[in-house]
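What follows is one structure encoded as C-alpha cells, with my remarks underneath.
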Amino acid sequence: MKKITWYLNRLKAMNMGEICWRFQQKNLQKQERRKYYKENLPVYEFELPDELKNLNAQVDRISINWNNEKFTVFKEQNLFGVYSYNKYKRAWDAGFQTENVWPTDQCSYDISISQREDIGDIRTNWELNRHYQFAGMAKSFYVTGDFSILEELQELFYDWNNKNHFLCGVEWTSAMEIAIRVNSWIYTYCFLNKAFEKYNLENNKILKDISRGIIVMADYIVKHRAKYSSANNHLIVEMYAVGMSGIFFDYKPWEKLAFKILTEELPRQNYADGVNKEMSLHYQSFVMEAYGLLMIEMKHNHIKIPQIWEEYLMHMSEFMCDCCGEYGETVVFGDNDEGKILDLSGEQFDHYRYVLDLMGNVLSKRYSKMENIHENLCWILSDDFQNSVLQKNCYYSPEVKCYKEGGYTLWRSKNNKVLIGIDHADLGFGSLAAHGHADALSFQMFIEGVPVFVDPGTYNYHVPKKTRDEFRATKNHNTVCVNDQNQAEILGPFLWGKRYKINNVEFDNECEKKCIMTAELQNSSYVHRRKFVYNKANQLIIEDVVQGGQDIHLALICNFKAKIEVNRNVVMVRIGDKVVKINFDEASKIKEENVEYSDGYCTKKTSKRIYVKFKTNKMITNIIYDK
C-alpha cells in the first residue's frame with residue numbers, strides 16, 4: 001500500500017510531458033533489455049553505432065600537467081572514512097550496511113534501490129563503483145613505474161567489468177553514476193597511455209577496452225539523461241561527462257549537446273544571486289566542480305565559454321566563499337553526501353575549498369588564498385597557470401551578506417571569530433525538492449571554527465528508512481517546531497508534499513553595531529515569524545512569534561562535545577574553552593535530550609538538543625558568547 005501511495009504522489013509531481021517521456025524511456029528500456037542485457041557482456045564488448053565507430057581517444061585534448069611534481073602515490077580509496085577499502089575493493093556488489101549484496105545478474109531496470117534495508121544504502125555502494133581508484137592508480141603508475149600498481153589496476157578493471165556486465169546490476173541504474181565513471185575512465189586512459197609511452201610498453205588491449213567502454217557509456221547517457229522533475233544536479237553531471245567525452249574524442253555532436261544543456265540549466269537551477277535552488281551547499285559545490293572542470297578543458301581546446309557561465313559561477317563562488325569561515329568551518333544546510341567528480345588522490349579533502357580554488361583558476365578573480373591546493377588541480381593545471389591565479393584580485397567575504405532571492409544570510413563578527421548562517425530559503429528545487437530539509441528559519445553558529453549550534457547533517461539516504469526522515473525533520477534543526485509536526489510534508493526519501501512559504505524577508509544593516517534580519521514562515525497550520533538581531537560581536541538575540549499553533553517548542557542542536565547546564569530559564573553550553581550563555585524569556589519548560597547528529601556521510605554521533613517549550617506564543621532567546 002505504501003508503495004502505491006508513493007507512486008501516486010510521484011505522479012502528482014509530474015506534468016503530462018514528463019509522463020509521456022517516461023513511457024518513452026520504458027519502451028527504450030524494453031529494446032535495450034533485448035539488445036544488451038540478454039547478451040550479458042562487459043560494456044566494452046558491444047558493437048558501436050555506425051556514427052561512433054571511427055572515434056579515437058585524443059589524450060592531448062585533456063588538460064594534464066605531465067610535469068607535475070606535487071602528487072601522492074595512491075594507497076587506498078577513502079570510503080567516507082568509515083569502510084575499509086582493502087576489505088571492499090573487489091566487493092563491487094557490497095551492501096555495506098549489511099552483509100547482504102546487490103544482485104549482479106538481474107537487469108538494472110528491474111532493481112529497486114530505494115531504502116533497501118535488507119541490503120544497504122545504494123549511495124555508499126556507488127562510491128566504490130565511481131572508479132576514482134582506477135584514475136588514482138593509473139596516475140601512480142605513470143609517476144612511479146611500479147608495475148605492481150599496473151597489475152592491480154588491470155586486475156580490478158577486468159574484475160569489475162566481468163562482474164558488472166552492461167545493464168546488469170545496480171551499477172547501471174543511474175545515468176549520473178555512469179557519468180562519474182566515464183570521467184574516471186577518461187583520466188585512467190590518459191595516465192595509462194602516457195605511462196605506456198614513458199616506459200616503452202605495448203598494451204593496447206586495456207586502452208582499447210577503456211576507450212570503447214567510454215563511448216558506449218557516453219552514448220547511453222545521452223539517451224537516458226535526466227529530464228523534467230528529475231533534471232537537477234544529475235543532469236548537469238551527466239552533461240559534463242558527455243561534454244568531456246566529446247572533447248576527448250573530438251566529437252562535436254556530444255560537445256554541442258552538452259554545452260547547450262549546461263547553458264540552459266545554469267539559470268534554471270540557480271538563483272541570479274548565486275544560490276543553488278537545491279538548497280544544499282554540497283550540491284552547489286558538486287555542480288560547480290562540473291562546470292569548472294569542463295571550463296578548463298574548453299580553455300585548453302580554445303572553445304569559447306558562454307558569458308552566462310562566468311556570470312553565474314562568479315556569484316555562486318561568492319556565496320560559497322561567504323559560507324566558509326576563517327578556521328576551516330563551513331555553513332552547510334540541506335543534504336550532503338560528499339559527492340565529487342574527480343579524485344586523483346583517494347584521500348578525504350575539503351570539497352568546498354577545493355572548488356573555490358578551482359573557480360579561482362577559471363574565473364576572472366579568485367575566492368581563496370590558494371594555499372595547499374588539491375592534487376587534482378596540480379595535475380589538470382600547468383604550473384604557470386596556477387601561479388597566475390595569485391595575480392588576480394581576491395574576493396573577501398563582507399561582515400554581513402543577505403541573499404534575499406536565494407534565501408540565506410551570513411554574518412561574521414568584526415574579528416572573524418564568529419560565523420552565523422541563517423536559512424530563510426525555499427524548501428528545495430522543483431516539484432521534488434529532493435535534497436532540501438524542513439529547516440526554514442534555522443541557523444548555525446561557529447565560534448573560532450568550533451560548531452556550537454549545528455545542522456544535524458544527512459547520515460545516509462536509505463538505511464534505516466526512518467533515519468532519512470529524522471535528519472530532515474524540523475525538530476532536529478535550530479528553529480521552532482509547532483504541534484510536533486514538520487514544516488513540510490515528507491512523502492518519500494526524495495519527495496515532499498505540502499510545503500511552506502517564506503514571506504516578508506527584511507534585512508537591516510544600517511547600524512554600525514548591529515544587524516537585523518526578519519522573515520516569516522507560513523504553512524497550512526500556522527505562521528512563524530522570526531527576528532534575528534546580531535551585535536556583530538558576541539550576542540545574538542532571536543525573537544519568535546507563532547500564530548495558529550498550540551504546542552510550540554524551540555530546538556537548539558548542540559555540538560556533540562557540548563556539556564549543558566540548565567538552571568531555570570538559563571542554559572550554559574560549554575565546548576572546551578568556549579562558553580555560551582542562553583537566556584530564554586517566556587519559557588515554560590527546558591529539556592536536554594539526546595539526538596542523532598552526523599558530521600559526515602555514513603557517520604553518526606549522539607549529540608544534545610535543548611528543547612524549550614513556549615509559555616505563550618512568543619519567546620525571546622538571548623545567546624551570549626563569553627569572549
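Letters A, B, ... mark the chains of the C-alpha cells in the order given; residue numbers begin at 1 per chain; ligand numbers begin at 1, in order shown.
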Non-local contacts of A:Ala272 (8 Å; only C-alpha atoms; under 6 positions in same chain excluded) as a ChimeraX atom specification: /A:312,315,405
Taking N, CA and C atoms for each residue, export the selection above as a short mmCIF file (atom, residue, chain, number, x, y, z; two decimals), in the first residue's frame.
data_model
loop_
_atom_site.label_atom_id
_atom_site.label_comp_id
_atom_site.auth_asym_id
_atom_site.auth_seq_id
_atom_site.Cartn_x
_atom_site.Cartn_y
_atom_site.Cartn_z
N TYR A 312 27.20 33.56 -13.72
CA TYR A 312 26.56 32.79 -12.66
C TYR A 312 27.58 32.19 -11.70
N HIS A 315 28.92 34.60 -9.03
CA HIS A 315 28.01 34.80 -7.91
C HIS A 315 27.93 33.54 -7.03
N GLU A 405 17.09 36.57 -2.54
CA GLU A 405 16.48 35.69 -3.54
C GLU A 405 16.78 34.23 -3.21
#
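Of the listed residues A:Tyr534, A:Tyr500, A:Trp126, A:Phe429, the one whose atoms come nearest to A:Ala231 is A:Phe429, with distances taken using only C-alpha atoms.
Counting from atom CA of A:Leu153, the distance to atom CA of A:Phe96 is 22.5 Å.
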From stretch 253-459 of chain A, collect each residue whose DSSP state is alpha helix (DSSP H) and return the set as a ChimeraX atom specification. /A:253-269,281-300,307-322,351-362,375-380,383-389
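Of the listed residues (A:Lys392, A:Lys75, A:Lys475, A:Lys581), A:Lys475 comes nearest to A:Val595; the distances count only C-alpha atoms.
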